[in-house]
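**Q** Sending over a structure as structure tokens; questions will come in a sec.
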Protein chains: 4
Amino acid sequence: MIVVMKSDATAEQVEHMTAHIASLGLTPQVIRGAHQTVIAAIGEERAGMTEALEPGEGVEKVLPIMAPYKRASSELKSERTVVKTRSLEVGGTRIAVIAGPCSVESEAQIVGIARKLKELGATGLRGGAFKPRTSPYSFQGHKEEGLKMLAAARAETGLAIVTEVMAPEHVPMVAEYADVLQIGARNMQNYQLLQAVGDSGKPALLKRGMSATIDEFLLAAEYILDRGNPNVMLCERGIRTYEDHTRFTLPLATVPYLHEKSHLPVVVDPSHGTGKARLVPPMCKASIAAGADALIIEVHDDPEHAVSDGSQTITPAVFGQVMAQCRRIAEAVDRSL
Amino acid sequence: MIVVMKSDATAEQVEHMTAHIASLGLTPQVIRGAHQTVIAAIGEERAGMTEALEPGEGVEKVLPIMAPYKRASSELKSERTVVKTRSLEVGGTRIAVIAGPCSVESEAQIVGIARKLKELGATGLRGGAFKPRTSPYSFQGHKEEGLKMLAAARAETGLAIVTEVMAPEHVPMVAEYADVLQIGARNMQNYQLLQAVGDSGKPALLKRGMSATIDEFLLAAEYILDRGNPNVMLCERGIRTYEDHTRFTLPLATVPYLHEKSHLPVVVDPSHGTGKARLVPPMCKASIAAGADALIIEVHDDPEHAVSDGSQTITPAVFGQVMAQCRRIAEAVDRSL
Amino acid sequence: MIVVMKSDATAEQVEHMTAHIASLGLTPQVIRGAHQTVIAAIGEERAGMTEALEPGEGVEKVLPIMAPYKRASSELKSERTVVKTRSLEVGGTRIAVIAGPCSVESEAQIVGIARKLKELGATGLRGGAFKPRTSPYSFQGHKEEGLKMLAAARAETGLAIVTEVMAPEHVPMVAEYADVLQIGARNMQNYQLLQAVGDSGKPALLKRGMSATIDEFLLAAEYILDRGNPNVMLCERGIRTYEDHTRFTLPLATVPYLHEKSHLPVVVDPSHGTGKARLVPPMCKASIAAGADALIIEVHDDPEHAVSDGSQTITPAVFGQVMAQCRRIAEAVDRSL
Amino acid sequence: MIVVMKSDATAEQVEHMTAHIASLGLTPQVIRGAHQTVIAAIGEERAGMTEALEPGEGVEKVLPIMAPYKRASSELKSERTVVKTRSLEVGGTRIAVIAGPCSVESEAQIVGIARKLKELGATGLRGGAFKPRTSPYSFQGHKEEGLKMLAAARAETGLAIVTEVMAPEHVPMVAEYADVLQIGARNMQNYQLLQAVGDSGKPALLKRGMSATIDEFLLAAEYILDRGNPNVMLCERGIRTYEDHTRFTLPLATVPYLHEKSHLPVVVDPSHGTGKARLVPPMCKASIAAGADALIIEVHDDPEHAVSDGSQTITPAVFGQVMAQCRRIAEAVDRSL
């Protein structure tokens, strides 16, 4: 860390901070500038140290130097992580496509759509059995019944199942049916849930919180990795900004930036990222051009009668076109789909 | 709702939407303008209806008319809610002050600071036993031991205990020791937790999510109210914006706006809202002038050695000054403190 | 517009608003719902009408229906605008690439880089002669001398010159040398400047303000169009959000959304949009996949010694690679480059 | 500055950066940590240096240490600036109140309202003669005629006139009639305008850009100060965030923070800051409690028929109540109004 002292900091204050840095197990090195003094704190930066130094008398600010995450970092592990489970492989040359309805509505619905998606090239099936809903008056999902319907769709098609888990106590049940446990944006900092998913050993698809920084996102992944579960996929799904013409703002520069900082594969969700079905196809293409390892897309046979998220859901017919277009983009970046 | 059709929508599309509105149990009323047609959908707007209408062919956008929350609304209950538990009363003429350290560190610490705070005028004691931390490598709290220390401080001072609960399965344990269950900003949309706190019957202090809209905030309160628990306090704790000189941006217009839309009392947290100890005193004053019913403030005997949040923590000496200044502001708005 | 009355609005208040709507030249139509009354105001929505209706007693909110821009709208003109000037054509099947240094530093520099860029496939040359700088102590550009250097580079290469104009009184001078007048993000709502550029008749490249909504962006274009100048290019250059790992957040969903709402061509600036040279190549590719009609990219022979914006500037060598990669993406979306 | 090298930076890269730092006239000091090397660059940080160092090979990031503004800084001038002109004094113990309509509509209107405001305690009169409007189809102000009407109101009441100037070429004309030149939020980074206002020698009221950081805000003030004009007032008027229940988000922590960093007085505009007339009174009180030196408030006899900004405009009757309430808050913070 670099402790920047105020321009009018006294010699005593500098000395006090030097001692405080030493007491944290770091080596202080004082640098006297024309206007102000800064103290470099050399050694292993640990969580909480910045907070410990900031309240010091005469301190202007404390600048961290090291990234706060370790296991998620590409410095620790330079080889890229590839997550594999059944039909799904995320992080390799081939781009994966996880598709399906927002909510599992019935066995007939999910099996039917799974067959179509498989045929059109999807390699994973998404579908919500537990639904986090902004309003308590919205449909909350078929829960275990929904999980069974997903399992039936897998039995029929072989597609790996990606489904959300919302509470630590549901992890064992969801893990019994699903191949990938999805942690939703609203739960990105639900630490008990992250730990439970880490303990489950199941591959995790971690969605970025809607106002999470990249450091916070990778620290959330760190909670899972730290429990010995290496199979984490990072999912950019759009952030909350002042923009009002889309549901969220989808910042695709996240994709190459995450690839630089972390070895974990990166998935993009253009359905939530835009909230508008018409914008999904171009953003699928842009995501692949930006380097995404996988897409997760909401598809429903009849978006107008979907029980949730109809506005951002495309039909199987549009999905087929998206696949054809994305295949061409994938080839243009030396990948396949 | 108002369904706005595109300017080139066909008569068939308008007819289709009219039928769709009717199938939702609403009465459609078509209004033909110079440029485009809009269809008013009269009746009880329910969750999910907007999503059902938006994907319709020829639809430009769907505008909701009614507020999505019911029980939290001042339309449903015009009498203001006052939450009372032991020494703490929030929502009446007297402004409540909940103070204490970020984390409970030891029994001596919490009992010692509780005595000072009580003497200086605090009416509630805050302190974290379960700590949600961005990094898995940060101190996570003393858990049940911490709760016992808080109970000891209450036995000593009579101050009501406000402490965070992070997971549904911990609710019974935390409820055994605490007087108010705090739901942190990161958990504002952890629906299982909201329901468990609702079921507990204990007063709840619900912090606004760092990128929550007011509708989302009141719908989160609705999850608690809907379980039959009327004792919810809304806490503005700052939102995430592009501003980088404070930890969060503290938008005080929320206070009168929430008072207009809801009967629930409003608490402000200037410690998290600014992240800087020096800014806490003026923002305490501003909060009261804006109409806050209570403040929640981080106070520690030695912020430099606090195990968490030192940067935004004030000392008991500063807290004493804040109380004196705030008392004058309270009187200037015809309240007491 | 739709005037939504409060649930407790009186009959007199509804009547008063009905009369107010009629006095604005609109036809009111009252719709009585279960909970509240709304009044549709039928006719041509004009600027300022919302503001006139909102303060009415008993009014909850006023919802505009029509887009506030006219000439920029794809409803008014469905044929797409193609801006052509010398070597540059923006809006057709071929994707244009405008490249060059942030600042014009010397004639040798700009002529030298222009030759390389031309050879590598650029169709326009960018370079700042007037520089809007956050600090008064930063280099402010060579002004008219810089414009002459740009003209020399054009004489040498035939590349169309794109350069910023910062004040209405400079428009005639800049228009004398440049082919395209660029309006910077900080000046997107400098209305005198927009009008002066409109009056000049020169093609304009209008950058989106860093916190502009799409409506505000298109209304700024409207200021230029309204002066009889049809040659406006819209440039997405990133918006300000809470994200701190990039200089700005580059929201590529803007590209298809603008194409849907407007007939004007859309340019993307991945240099300012990310602020990081390493992120420029992937975001160039993503922009084209999202449908951009042109890219504008900062290129300098020696970014470390550029007088401005070195952090986000790529070298000619990298630019050559970007062109090769983007050509493949362009083909994958049935365009050329 | 602190140049943070990547963990895998080579010795040559560190050496190269050391030489680069020296070539900028700074003294490099290399600090070797466990994981990575950082280089302190000691000496006077100047604009553009960060940009020059960031593109270096092996550089992870560059952290500035010194504030980029000088003349606006409280380090350079510790005595607080008080701006005085006619009836208006901003920055002293007495809190100033500048009030008036958004737009000057007629001489009768502005003289009439000025008389009422004076009687109710306003010390400055605001009113727009040049109006920056988002849409080219909105009323753009009475221009010079409007200025004459303002001068008539001053002749009648003695109130100092605060009015916006939108273009450098209008500065002499506006300066002829007005006492304070207001620079609007959209023009905060219109550098030619800032310089022209600086050259005029007239007191300036500089509004914060709607997405400006504090550094950018103070650097904009620096442009005016740097022309030898010391009379600058900083005006917080709300920032653009994701919040949708108010027109802007009004972050009052700006007030004490600006007071800490700068000697310039701080004005708050609760009318634009909220966009809702009902929220203006509580935010006036909160602004004073937070330490504001002045308020600027939109007041109109008949907001429903104001030509602009009616939604956020209060009546003289409400203004009278606001003054009475604010007087009590002012006393509670040992000031007067």
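Every chain in the structure tokens has a letter given in the order shown (A, B, ...), and although residue numbers restart at 1 in each chain, ligands are simply numbered from 1 in the order shown.
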Using only C-alpha atoms and a cut-off of 8 Å, which residues of chain D sit close to chain C? Please list them as number ranges by chain.

**A** D: 46-48, 51-56, 68-69, 132-138, 166-169, 186-187, 189-192, 210-211, 216, 219-220, 222-223, 226, 240, 277, 303-312

**Q** So which bits of stretch 23-217 of chain D end up strand (DSSP E or B) when you DSSP the backbone, as a ChimeraX atom specification?

**A** /D:27-32,37-42,59-63,73,83-85,88-90,94,96-100,103,124-126,128,160-164,180-183,204-207

**Q** Please write the residues from the selection above to a file, keeping C-alpha atoms, as a compact mmCIF listing (two decimals), in the first residue's frame.

**A**
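Now in selection.txt:
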```
# COMPACT_ATOMS: atom_id res chain seq x y z
CA THR D 27 13.05 12.09 -9.17
CA PRO D 28 12.38 8.35 -9.36
CA GLN D 29 12.66 6.19 -6.26
CA VAL D 30 12.33 2.44 -6.78
CA ILE D 31 10.59 0.38 -4.10
CA ARG D 32 10.83 -3.38 -4.45
CA THR D 37 7.99 -3.11 -7.87
CA VAL D 38 6.61 0.38 -7.58
CA ILE D 39 8.41 3.56 -8.53
CA ALA D 40 7.70 6.79 -6.69
CA ALA D 41 8.06 9.84 -8.93
CA ILE D 42 8.97 12.71 -6.63
CA VAL D 59 3.26 -0.67 -16.20
CA GLU D 60 0.19 -1.90 -14.32
CA LYS D 61 -1.18 1.52 -13.34
CA VAL D 62 -0.12 5.03 -12.35
CA LEU D 63 -1.52 6.59 -9.18
CA SER D 73 -7.22 24.45 -3.33
CA VAL D 83 -18.01 36.69 -2.90
CA LYS D 84 -19.75 40.06 -2.56
CA THR D 85 -21.74 41.98 -5.11
CA LEU D 88 -25.43 39.37 -2.32
CA GLU D 89 -22.67 38.01 -0.06
CA VAL D 90 -21.80 34.35 -0.32
CA ARG D 94 -25.00 34.76 6.75
CA ALA D 96 -27.53 33.82 1.00
CA VAL D 97 -30.70 32.90 -0.87
CA ILE D 98 -30.91 33.45 -4.62
CA ALA D 99 -34.44 32.95 -5.89
CA GLY D 100 -36.52 33.58 -8.96
CA SER D 103 -37.07 31.89 -17.27
CA GLY D 124 -30.21 37.61 -5.01
CA LEU D 125 -32.55 37.29 -7.99
CA ARG D 126 -32.18 34.49 -10.52
CA GLY D 128 -32.92 32.97 -17.30
CA ALA D 160 -28.16 41.33 -7.31
CA ILE D 161 -28.90 39.60 -10.62
CA VAL D 162 -27.70 36.03 -11.24
CA THR D 163 -28.22 34.83 -14.80
CA GLU D 164 -26.79 32.25 -17.13
CA VAL D 180 -23.20 37.21 -11.32
CA LEU D 181 -22.56 35.13 -14.44
CA GLN D 182 -23.94 31.64 -14.08
CA ILE D 183 -22.30 28.79 -15.98
CA ALA D 204 -19.18 33.51 -11.40
CA LEU D 205 -21.61 30.87 -10.19
CA LEU D 206 -20.27 27.60 -11.61
CA LYS D 207 -22.68 24.69 -11.64
```

**Q** Might you pull out every residue within 12 Å of A:Val266, with only C-alpha atoms counted and same-chain residues fewer than 3 positions away left off, and present them as a JSON list (two decimals) with C-alpha atoms, in the first residue's frame?

**A**
```json
[["chain", "number", "residue", "atom", "x", "y", "z"],
["A", 80, "ARG", "CA", -6.92, -20.89, -18.40],
["A", 81, "THR", "CA", -9.68, -22.77, -16.57],
["A", 82, "VAL", "CA", -12.02, -24.85, -18.70],
["A", 83, "VAL", "CA", -15.25, -25.93, -17.01],
["A", 89, "GLU", "CA", -17.55, -27.08, -22.01],
["A", 90, "VAL", "CA", -16.81, -23.45, -21.24],
["A", 91, "GLY", "CA", -13.42, -21.84, -21.72],
["A", 92, "GLY", "CA", -12.04, -23.78, -24.67],
["A", 95, "ILE", "CA", -17.97, -21.24, -27.66],
["A", 96, "ALA", "CA", -20.77, -22.68, -25.54],
["A", 204, "ALA", "CA", -20.86, -22.58, -10.60],
["A", 205, "LEU", "CA", -22.07, -19.86, -12.93],
["A", 206, "LEU", "CA", -21.60, -16.63, -10.96],
["A", 207, "LYS", "CA", -23.47, -13.60, -12.23],
["A", 208, "ARG", "CA", -21.99, -10.17, -11.71],
["A", 217, "PHE", "CA", -16.87, -9.75, -8.68],
["A", 218, "LEU", "CA", -13.57, -11.63, -8.50],
["A", 231, "ASN", "CA", -15.09, -24.67, -11.54],
["A", 232, "VAL", "CA", -16.33, -21.11, -11.60],
["A", 233, "MET", "CA", -17.68, -19.29, -14.64],
["A", 234, "LEU", "CA", -17.95, -15.50, -14.49],
["A", 235, "CYS", "CA", -21.09, -14.09, -16.11],
["A", 236, "GLU", "CA", -21.41, -10.47, -17.24],
["A", 237, "ARG", "CA", -25.13, -9.68, -17.27],
["A", 252, "LEU", "CA", -18.51, -5.80, -23.04],
["A", 253, "ALA", "CA", -15.03, -4.46, -22.23],
["A", 254, "THR", "CA", -15.47, -6.59, -19.13],
["A", 255, "VAL", "CA", -14.81, -9.66, -21.25],
["A", 256, "PRO", "CA", -11.20, -8.95, -22.30],
["A", 257, "TYR", "CA", -10.50, -7.26, -18.96],
["A", 258, "LEU", "CA", -11.58, -10.34, -16.98],
["A", 259, "HIS", "CA", -9.56, -12.53, -19.32],
["A", 260, "GLU", "CA", -6.50, -10.42, -18.52],
["A", 261, "LYS", "CA", -6.97, -10.47, -14.75],
["A", 262, "SER", "CA", -8.34, -13.96, -14.26],
["A", 263, "HIS", "CA", -8.00, -17.48, -15.64],
["A", 269, "ASP", "CA", -26.00, -12.82, -20.79],
["A", 287, "SER", "CA", -20.08, -10.67, -27.11],
["A", 288, "ILE", "CA", -18.37, -13.32, -29.20],
["A", 290, "ALA", "CA", -15.26, -9.34, -27.65],
["A", 291, "GLY", "CA", -14.01, -12.79, -26.69],
["A", 292, "ALA", "CA", -16.80, -14.37, -24.64],
["A", 293, "ASP", "CA", -16.40, -18.09, -23.89],
["A", 294, "ALA", "CA", -20.14, -18.69, -23.70],
["A", 295, "LEU", "CA", -23.53, -17.07, -24.07],
["A", 296, "ILE", "CA", -26.59, -17.60, -21.91]]
```

**Q** Please measure the separation of atom CA of D:Gly201 and atom CA of D:Glu75, giving the value in Å to one decimal.

**A**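 Value for the atom CA of D:Gly201-atom CA of D:Glu75 distance: 23.5 Å.
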
**Q** If you run DSSP over the backbone, which residues in stretch 36-123 of chain B end up alpha helix (DSSP H)? Put them as an MDAnalysis selection string.

**A** chainID B and resid 49:53 107:120

**Q** One decimal, in Å: what's the spacing between atom CA of C:Ala34 and atom CA of C:Val3?

**A**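 Distance between the two atoms: 15.9 Å.
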
**Q** I'd like the interatomic distance between atom CA of C:Glu105 and atom CA of C:Lys202, to a tenth of an Å.

**A**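 Separation between atom CA of C:Glu105 and atom CA of C:Lys202: 24.5 Å.
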
**Q** Find the residues near stretch 153-156 of chain B: any atom within 8 Å, counting only C-alpha atoms, skip ones fewer than 2 places away on the same chain, and give them as a count of residues only.

**A** 12

**Q** Using only C-alpha atoms, determine which residues lie at most 10 Å from A:Lys143, disregarding the query and same-chain residues fewer than 6 positions distant; provide the list as a PyMOL selection string.

**A** chain A and resi 104+128-131+165+170+173-174

**Q** Write the residues you've just listed into a file as a JSON list (two decimals), in the first residue's frame, and include C-alpha atoms for each of them.

**A**
```
[["chain", "number", "residue", "atom", "x", "y", "z"],
["A", 104, "VAL", "CA", -39.54, -23.80, -16.03],
["A", 128, "GLY", "CA", -35.47, -21.34, -13.43],
["A", 129, "ALA", "CA", -37.02, -23.58, -10.77],
["A", 130, "PHE", "CA", -36.29, -21.13, -7.94],
["A", 131, "LYS", "CA", -37.01, -17.60, -9.12],
["A", 165, "VAL", "CA", -29.96, -21.65, -6.44],
["A", 170, "HIS", "CA", -31.34, -25.44, -1.09],
["A", 173, "MET", "CA", -31.35, -30.30, -3.44],
["A", 174, "VAL", "CA", -30.48, -28.22, -6.49]]
```

**Q** Which one of A:Arg335, A:His300, A:Arg327, A:Pro230 sits closest to A:Ala72 if you count only C-alpha atoms?

**A**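 So, comparing all the options, the nearest one is A:Pro230.
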